[in-house]
Every structure is written in structure tokens, then in C-alpha cells.
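K.L.:
This is the content of start38.cif (mmCIF, C-alpha atoms, pLDDT in the B column; chains and numbers go by the auth columns):
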```
data_final
loop_
_atom_site.group_PDB
_atom_site.id
_atom_site.type_symbol
_atom_site.label_atom_id
_atom_site.label_comp_id
_atom_site.label_asym_id
_atom_site.label_seq_id
_atom_site.Cartn_x
_atom_site.Cartn_y
_atom_site.Cartn_z
_atom_site.B_iso_or_equiv
_atom_site.auth_seq_id
_atom_site.auth_asym_id
ATOM 1 C CA MET A 1 194.453 33.471 101.310 40.00 1 A
ATOM 2 C CA ALA A 2 196.615 31.752 103.816 46.00 2 A
ATOM 3 C CA SER A 3 195.154 28.271 103.482 46.00 3 A
ATOM 4 C CA GLY A 4 194.721 28.259 99.715 47.00 4 A
ATOM 5 C CA ASN A 5 191.282 26.649 100.086 49.00 5 A
ATOM 6 C CA LEU A 6 188.802 28.711 98.071 50.00 6 A
ATOM 7 C CA HIS A 7 185.740 27.007 99.550 55.00 7 A
ATOM 8 C CA ALA A 8 186.695 27.364 103.193 55.00 8 A
ATOM 9 C CA HIS A 9 184.646 29.749 105.274 54.00 9 A
ATOM 10 C CA PRO A 10 185.958 31.322 108.492 56.00 10 A
ATOM 11 C CA ASP A 11 183.050 29.852 110.470 57.00 11 A
ATOM 12 C CA GLY A 12 183.557 26.397 108.972 55.00 12 A
ATOM 13 C CA ILE A 13 180.222 26.463 107.100 57.00 13 A
ATOM 14 C CA ASP A 14 180.094 25.705 103.405 59.00 14 A
ATOM 15 C CA PRO A 15 178.021 28.571 101.947 60.00 15 A
ATOM 16 C CA ASP A 16 176.834 26.394 99.060 61.00 16 A
ATOM 17 C CA ALA A 17 175.417 23.759 101.421 60.00 17 A
ATOM 18 C CA VAL A 18 173.060 26.165 103.185 64.00 18 A
ATOM 19 C CA ASP A 19 170.526 26.234 100.350 68.00 19 A
ATOM 20 C CA ARG A 20 171.010 22.599 99.313 79.00 20 A
ATOM 21 C CA PRO A 21 167.937 20.527 100.251 84.00 21 A
ATOM 22 C CA ILE A 22 168.247 17.855 102.907 87.00 22 A
ATOM 23 C CA TYR A 23 164.956 16.381 101.730 89.00 23 A
ATOM 24 C CA ALA A 24 162.929 16.991 98.568 92.00 24 A
ATOM 25 C CA ALA A 25 159.814 15.232 97.343 90.00 25 A
ATOM 26 C CA VAL A 26 157.130 15.688 94.723 92.00 26 A
ATOM 27 C CA ILE A 27 153.804 14.215 95.798 90.00 27 A
ATOM 28 C CA ARG A 28 151.246 13.410 93.109 90.00 28 A
ATOM 29 C CA PRO A 29 147.778 11.899 93.467 87.00 29 A
ATOM 30 C CA HIS A 30 147.598 8.191 92.720 82.00 30 A
ATOM 31 C CA GLN A 31 145.972 7.270 89.423 82.00 31 A
ATOM 32 C CA SER A 32 145.333 3.596 88.896 80.00 32 A
ATOM 33 C CA LEU A 33 144.060 3.966 85.323 84.00 33 A
ATOM 34 C CA SER A 34 146.431 4.773 82.465 86.00 34 A
ATOM 35 C CA ARG A 35 145.363 6.336 79.142 88.00 35 A
ATOM 36 C CA ASP A 36 145.257 2.901 77.510 92.00 36 A
ATOM 37 C CA GLY A 37 143.302 1.579 80.490 91.00 37 A
ATOM 38 C CA PHE A 38 140.829 4.430 80.076 91.00 38 A
ATOM 39 C CA ARG A 39 140.276 3.526 76.428 93.00 39 A
ATOM 40 C CA LEU A 40 139.846 -0.143 77.317 95.00 40 A
ATOM 41 C CA VAL A 41 137.332 0.573 80.119 93.00 41 A
ATOM 42 C CA MET A 42 135.340 2.960 77.944 93.00 42 A
ATOM 43 C CA ALA A 43 135.305 0.486 75.002 95.00 43 A
ATOM 44 C CA ALA A 44 134.181 -2.388 77.246 95.00 44 A
ATOM 45 C CA CYS A 45 131.484 -0.308 78.950 93.00 45 A
ATOM 46 C CA CYS A 46 130.236 1.034 75.613 93.00 46 A
ATOM 47 C CA ALA A 47 130.111 -2.502 74.160 95.00 47 A
ATOM 48 C CA VAL A 48 128.127 -3.836 77.136 94.00 48 A
ATOM 49 C CA SER A 49 125.873 -0.774 77.035 93.00 49 A
ATOM 50 C CA LEU A 50 125.271 -1.157 73.287 92.00 50 A
ATOM 51 C CA VAL A 51 124.430 -4.862 73.516 93.00 51 A
ATOM 52 C CA THR A 52 122.083 -4.273 76.452 92.00 52 A
ATOM 53 C CA SER A 53 120.475 -1.274 74.736 91.00 53 A
ATOM 54 C CA ILE A 54 119.778 -3.310 71.582 92.00 54 A
ATOM 55 C CA ALA A 55 118.272 -6.115 73.672 92.00 55 A
ATOM 56 C CA CYS A 56 116.046 -3.586 75.463 89.00 56 A
ATOM 57 C CA LEU A 57 115.002 -1.963 72.151 90.00 57 A
ATOM 58 C CA VAL A 58 114.014 -5.350 70.715 91.00 58 A
ATOM 59 C CA LYS A 59 111.805 -6.062 73.745 90.00 59 A
ATOM 60 C CA GLY A 60 110.169 -2.626 73.497 89.00 60 A
ATOM 61 C CA PHE A 61 111.924 -0.864 76.368 87.00 61 A
ATOM 62 C CA TRP A 62 113.176 1.967 74.156 84.00 62 A
ATOM 63 C CA PRO A 63 113.775 4.588 76.941 87.00 63 A
ATOM 64 C CA VAL A 64 116.445 2.319 78.463 87.00 64 A
ATOM 65 C CA ALA A 65 118.756 2.891 75.481 85.00 65 A
ATOM 66 C CA GLY A 66 118.819 6.641 76.164 86.00 66 A
ATOM 67 C CA PHE A 67 119.672 6.094 79.806 90.00 67 A
ATOM 68 C CA PHE A 68 122.552 3.813 78.847 89.00 68 A
ATOM 69 C CA GLY A 69 123.862 6.636 76.658 88.00 69 A
ATOM 70 C CA LEU A 70 123.620 9.063 79.598 92.00 70 A
ATOM 71 C CA ASP A 71 125.486 6.576 81.797 92.00 71 A
ATOM 72 C CA MET A 72 128.330 6.355 79.275 92.00 72 A
ATOM 73 C CA LEU A 73 128.490 10.145 79.050 94.00 73 A
ATOM 74 C CA ALA A 74 128.607 10.424 82.858 95.00 74 A
ATOM 75 C CA LEU A 75 131.350 7.768 83.082 93.00 75 A
ATOM 76 C CA TYR A 76 133.411 9.558 80.396 94.00 76 A
ATOM 77 C CA VAL A 77 133.103 12.941 82.156 94.00 77 A
ATOM 78 C CA ALA A 78 133.960 11.454 85.564 92.00 78 A
ATOM 79 C CA LEU A 79 137.105 9.745 84.261 90.00 79 A
ATOM 80 C CA LYS A 80 138.219 12.870 82.382 90.00 80 A
ATOM 81 C CA VAL A 81 137.787 14.981 85.542 89.00 81 A
ATOM 82 C CA SER A 82 139.794 12.403 87.470 87.00 82 A
ATOM 83 C CA PHE A 83 142.632 12.560 84.920 87.00 83 A
ATOM 84 C CA ARG A 84 142.578 16.355 85.043 87.00 84 A
ATOM 85 C CA ARG A 85 142.784 16.375 88.853 86.00 85 A
ATOM 86 C CA GLY A 86 145.748 14.015 88.604 85.00 86 A
ATOM 87 C CA LEU A 87 147.821 16.860 87.151 87.00 87 A
ATOM 88 C CA SER A 88 148.031 18.554 90.563 90.00 88 A
ATOM 89 C CA PHE A 89 151.074 18.015 92.791 92.00 89 A
ATOM 90 C CA GLU A 90 152.880 19.136 95.937 93.00 90 A
ATOM 91 C CA GLU A 91 156.594 19.853 96.284 94.00 91 A
ATOM 92 C CA VAL A 92 158.233 19.664 99.697 94.00 92 A
ATOM 93 C CA ALA A 93 161.843 20.701 100.257 93.00 93 A
ATOM 94 C CA ILE A 94 163.716 21.044 103.527 92.00 94 A
ATOM 95 C CA SER A 95 167.065 22.790 103.656 90.00 95 A
ATOM 96 C CA PRO A 96 168.995 23.880 106.745 88.00 96 A
ATOM 97 C CA ILE A 97 167.448 27.361 106.507 88.00 97 A
ATOM 98 C CA GLU A 98 163.962 26.781 105.078 91.00 98 A
ATOM 99 C CA VAL A 99 160.998 24.431 104.784 92.00 99 A
ATOM 100 C CA LEU A 100 159.249 25.005 101.463 93.00 100 A
ATOM 101 C CA LEU A 101 155.852 23.595 100.573 94.00 101 A
ATOM 102 C CA ARG A 102 154.560 24.396 97.094 95.00 102 A
ATOM 103 C CA ARG A 103 151.131 23.223 95.972 94.00 103 A
ATOM 104 C CA VAL A 104 150.130 23.398 92.297 93.00 104 A
ATOM 105 C CA SER A 105 146.491 22.704 91.423 91.00 105 A
ATOM 106 C CA HIS A 106 145.257 20.984 88.277 89.00 106 A
ATOM 107 C CA ARG A 107 144.460 24.454 86.917 91.00 107 A
ATOM 108 C CA GLY A 108 148.072 25.593 87.355 89.00 108 A
ATOM 109 C CA GLU A 109 147.373 27.776 90.405 93.00 109 A
ATOM 110 C CA ARG A 110 150.394 27.924 92.715 95.00 110 A
ATOM 111 C CA ARG A 111 150.496 28.381 96.450 94.00 111 A
ATOM 112 C CA GLU A 112 153.659 28.457 98.580 95.00 112 A
ATOM 113 C CA TRP A 113 154.446 28.280 102.266 94.00 113 A
ATOM 114 C CA ARG A 114 157.900 28.916 103.718 94.00 114 A
ATOM 115 C CA PHE A 115 158.832 28.071 107.291 93.00 115 A
ATOM 116 C CA ASN A 116 161.904 28.179 109.482 91.00 116 A
ATOM 117 C CA PRO A 117 162.876 24.536 110.152 90.00 117 A
ATOM 118 C CA LEU A 118 163.750 25.346 113.771 90.00 118 A
ATOM 119 C CA TRP A 119 160.128 26.338 114.461 92.00 119 A
ATOM 120 C CA THR A 120 158.464 23.675 112.339 91.00 120 A
ATOM 121 C CA ARG A 121 157.106 20.337 113.503 91.00 121 A
ATOM 122 C CA LEU A 122 154.944 17.576 112.067 92.00 122 A
ATOM 123 C CA ALA A 123 151.496 16.839 113.439 92.00 123 A
ATOM 124 C CA ARG A 124 150.017 13.425 112.664 90.00 124 A
ATOM 125 C CA VAL A 125 146.461 12.107 112.847 91.00 125 A
ATOM 126 C CA GLU A 126 146.474 8.311 112.942 87.00 126 A
ATOM 127 C CA ASP A 127 143.699 5.759 112.867 85.00 127 A
ATOM 128 C CA GLU A 128 144.118 2.156 114.005 86.00 128 A
ATOM 129 C CA GLU A 129 142.189 0.822 111.040 86.00 129 A
ATOM 130 C CA PHE A 130 143.295 3.127 108.220 85.00 130 A
ATOM 131 C CA GLY A 131 146.796 4.234 109.259 84.00 131 A
ATOM 132 C CA LEU A 132 148.079 7.784 108.894 86.00 132 A
ATOM 133 C CA ARG A 133 145.014 9.891 108.054 89.00 133 A
ATOM 134 C CA ALA A 134 146.540 13.395 108.009 90.00 134 A
ATOM 135 C CA LEU A 135 149.981 14.952 108.073 92.00 135 A
ATOM 136 C CA THR A 136 150.372 18.633 108.889 92.00 136 A
ATOM 137 C CA LEU A 137 153.332 21.018 108.982 93.00 137 A
ATOM 138 C CA VAL A 138 152.930 23.293 111.993 93.00 138 A
ATOM 139 C CA SER A 139 154.970 26.449 112.420 91.00 139 A
ATOM 140 C CA ARG A 140 153.954 28.882 115.118 87.00 140 A
ATOM 141 C CA HIS A 141 150.234 29.415 114.446 87.00 141 A
ATOM 142 C CA GLU A 142 150.130 28.189 110.859 92.00 142 A
ATOM 143 C CA HIS A 143 148.982 24.665 109.959 93.00 143 A
ATOM 144 C CA VAL A 144 149.383 23.310 106.412 93.00 144 A
ATOM 145 C CA ALA A 145 148.357 19.801 105.331 93.00 145 A
ATOM 146 C CA VAL A 146 151.005 17.803 103.456 94.00 146 A
ATOM 147 C CA ALA A 147 150.474 14.791 101.160 90.00 147 A
ATOM 148 C CA ARG A 148 146.714 15.311 101.115 88.00 148 A
ATOM 149 C CA ASP A 149 146.217 13.178 98.012 85.00 149 A
ATOM 150 C CA ALA A 150 148.575 10.366 99.023 86.00 150 A
ATOM 151 C CA SER A 151 147.459 7.010 100.379 86.00 151 A
ATOM 152 C CA PRO A 152 148.156 6.255 104.073 87.00 152 A
ATOM 153 C CA PRO A 153 151.275 4.105 103.344 88.00 153 A
ATOM 154 C CA GLU A 154 152.655 6.781 100.992 90.00 154 A
ATOM 155 C CA ARG A 155 151.833 9.464 103.567 90.00 155 A
ATOM 156 C CA GLU A 156 153.733 7.408 106.173 91.00 156 A
ATOM 157 C CA ALA A 157 156.814 7.314 103.922 92.00 157 A
ATOM 158 C CA VAL A 158 156.624 11.089 103.432 92.00 158 A
ATOM 159 C CA ALA A 159 156.241 11.548 107.196 93.00 159 A
ATOM 160 C CA ARG A 160 159.376 9.488 107.887 94.00 160 A
ATOM 161 C CA GLY A 161 161.392 11.511 105.373 93.00 161 A
ATOM 162 C CA LEU A 162 160.114 14.842 106.685 92.00 162 A
ATOM 163 C CA SER A 163 160.770 13.857 110.300 93.00 163 A
ATOM 164 C CA LEU A 164 164.353 12.817 109.584 93.00 164 A
ATOM 165 C CA ALA A 165 165.028 15.955 107.534 91.00 165 A
ATOM 166 C CA LEU A 166 163.558 18.269 110.177 92.00 166 A
ATOM 167 C CA ALA A 167 165.626 16.556 112.866 91.00 167 A
ATOM 168 C CA GLN A 168 168.766 16.947 110.762 90.00 168 A
ATOM 169 C CA ALA A 169 167.996 20.633 110.068 88.00 169 A
ATOM 170 C CA LYS A 170 167.408 21.279 113.769 86.00 170 A
ATOM 171 C CA LYS A 171 170.611 19.458 114.703 86.00 171 A
ATOM 172 C CA GLY A 172 172.596 21.826 112.525 75.00 172 A
ATOM 173 C CA TYR A 173 174.712 21.531 109.464 54.00 173 A
#
```
Would you put the structure from the file into C-alpha cells?
P.N.:
Amino acid sequence: MASGNLHAHPDGIDPDAVDRPIYAAVIRPHQSLSRDGFRLVMAACCAVSLVTSIACLVKGFWPVAGFFGLDMLALYVALKVSFRRGLSFEEVAISPIEVLLRRVSHRGERREWRFNPLWTRLARVEDEEFGLRALTLVSRHEHVAVARDASPPEREAVARGLSLALAQAKKGY
């Protein structure tokens, strides 16, 4: 080697930088209730339900107690399903040669989309009242929603990052 630089490439491109992401994000659904919060909510609801059920039993309205039990069971199942759905996530990575979107469901099912960043653009659906309603990666004839489970402000932050990264990838490395 004439120059003595082992990392130099004749075209001036660093081969290691081609696969390095310009932008990478993991998008998870928002969960406002922690495990301790779940226990607290269930304990409070069960306590209120128990006190009300006893009061109804004393007055002779015995079927009400059974319905309170069904309500607690329904609340428990709904919160457990919500926690389970919170395990899903999306990964978005943009490198100079590829846009990768990977979606993993709460069941562990994986789905991947790969696009050329030169042919990819972002489509936005905005609402005056609610903000950014939908964000879609569009490449040729394929449309894939991104940040489906994010709130509008979080979706806006993802959109800014994706837009900047796509512009940088299209500009060149």
C-alpha cells in the first residue's frame, strides 16, 4: 500500500460506514400502568367491590354481588391483555443502503420490510385537532405504517428523525 492507510478505499468511501445506521429507533406502545400500579388498582377496585357487595347482600340484593365479581374478573382480564399487547414493538433503522422496518407482535411473530432509501419517502396524515394521525413509509407501490402504537407527539418525533435520516441517506455518504 502506497499510502499506508488500511481503512482508505480507492473511491473514498469507508466500507464500514455503509451498513452503519444513520437513524435507529425502537417504538413501543405506551403503557401508563406499571406492575405495582396494576396491583394497586386491582386492590382498590376489589375493596370497593367487596364493600358494595356486602352492603347489597345485607339489603337483600344478592345477585349484585355476583355481578361485582364478574366486573372484577373482566377488569383483570382487560388489564392483563393490555400488558401482553405492550410487549410488541417496532424497530426502524436507516442506513445509507437500506431502510429496515421490523415489527414484532406480542406473540413473538416477526415481520420485516426492507427498502432502498433512494426510493423511500414518508407519507403523513395530519389532523388539526389531534396532530399526526398516521405515518407511512412508501417505496414504489408498497405502503407500511410506522409508529402505529405511538401517540401523536411521539409519532411526530419519529417522523422528524426519519425525515432527517432519509434526507441524509439520499444526499449521500
K.L.:
Go through the shown structure with the PyMOL selection byres ((chain A and resi 149) around 12) and write out the matching residues as a PyMOL selection string.
P.N.:
chain A and resi 26-31+85-90+103+105+133-135+145-148+150-155+158
K.L.:
Can you tell me, as lines of an AutoDock Vina configuration file, the centre and edge lengths (Å, one decimal) of the axis-aligned box enclosing all of region 21-32 of chain A's listed atoms after padding each side by 8 Å?
P.N.:
```
center_x = 156.8
center_y = 12.1
center_z = 95.9
size_x = 38.9
size_y = 32.9
size_z = 30.0
```
K.L.:
Kindly give the distance, in Å, that separates CA of Ala165 (chain A) and CA of Leu118 (chain A), rounded to a single decimal.
P.N.:
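According to the coordinates, CA of Ala165 (chain A) and CA of Leu118 (chain A) are separated by 11.3 Å.
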K.L.:
What does the distance between CA of Phe38 (chain A) and CA of Leu75 (chain A) come to in Å, to one decimal place?
P.N.:
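A separation of 10.5 Å between them.
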K.L.:
Between A:Ile97, A:Ser139, A:Asp127, A:Val144, which is the closest to Glu112 (chain A) once you count all atoms listed in the file?
P.N.:
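Selected residue with least distance to Glu112 (chain A): A:Val144.
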K.L.:
Given the file shown, determine the residues that the PyMOL selection byres ((chain A and resi 116) around 7) selects; report them as an mmCIF file with C-alpha atoms, keeping the file's coordinate frame.
P.N.:
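Writing done, so here's selection.cif:
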```cif
data_model
loop_
_atom_site.group_PDB
_atom_site.id
_atom_site.type_symbol
_atom_site.label_atom_id
_atom_site.label_comp_id
_atom_site.auth_asym_id
_atom_site.auth_seq_id
_atom_site.Cartn_x
_atom_site.Cartn_y
_atom_site.Cartn_z
ATOM 1 C CA ILE A 97 167.448 27.361 106.507
ATOM 2 C CA GLU A 98 163.962 26.781 105.078
ATOM 3 C CA VAL A 99 160.998 24.431 104.784
ATOM 4 C CA PHE A 115 158.832 28.071 107.291
ATOM 5 C CA PRO A 117 162.876 24.536 110.152
ATOM 6 C CA LEU A 118 163.750 25.346 113.771
ATOM 7 C CA TRP A 119 160.128 26.338 114.461
ATOM 8 C CA THR A 120 158.464 23.675 112.339
#
```
K.L.:
Would you work out the distance separating CA of Leu164 (chain A) from CA of Arg110 (chain A), expressed in Å to one decimal?
P.N.:
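One can read the CA of Leu164 (chain A) to CA of Arg110 (chain A) distance as 26.6 Å.
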K.L.:
Translate the PyMOL selection byres ((chain A and resi 161) around 12), as applied to the file shown, into an explicit residue set as a ChimeraX atom specification.
P.N.:
/A:22-25,92-94,122,154-160,162-168
K.L.:
Pick the closest to Leu73 (chain A) from A:Ala169, A:Val58, A:Cys45, A:Leu33: which is it, counting all atoms listed in the file?
P.N.:
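Once distances to Leu73 (chain A) are computed over all atoms listed in the file, the minimum belongs to A:Cys45.
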K.L.:
Under the rule that only C-alpha atoms are counted, which of A:Asp36, A:Glu126, A:Glu109, A:Asp71 is the nearest residue to Ser49 (chain A)?
P.N.:
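That would be A:Asp71, the residue with the smallest distance to Ser49 (chain A).
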K.L.:
Between A:Cys46, A:Ile54, A:Val138, A:Val41, which has the minimum distance to Leu101 (chain A) (counting only C-alpha atoms)?
P.N.:
A:Val138
K.L.:
Identify, on the basis of all atoms listed in the file, every residue whose closest approach to region 64-67 of chain A does not exceed 8 Å; exclude the query and any residue fewer than 5 positions from it along the same chain; express the result as a list in words.
P.N.:
Leu50, Thr52, Ser53, Ile54, Cys56 and Leu57 of chain A
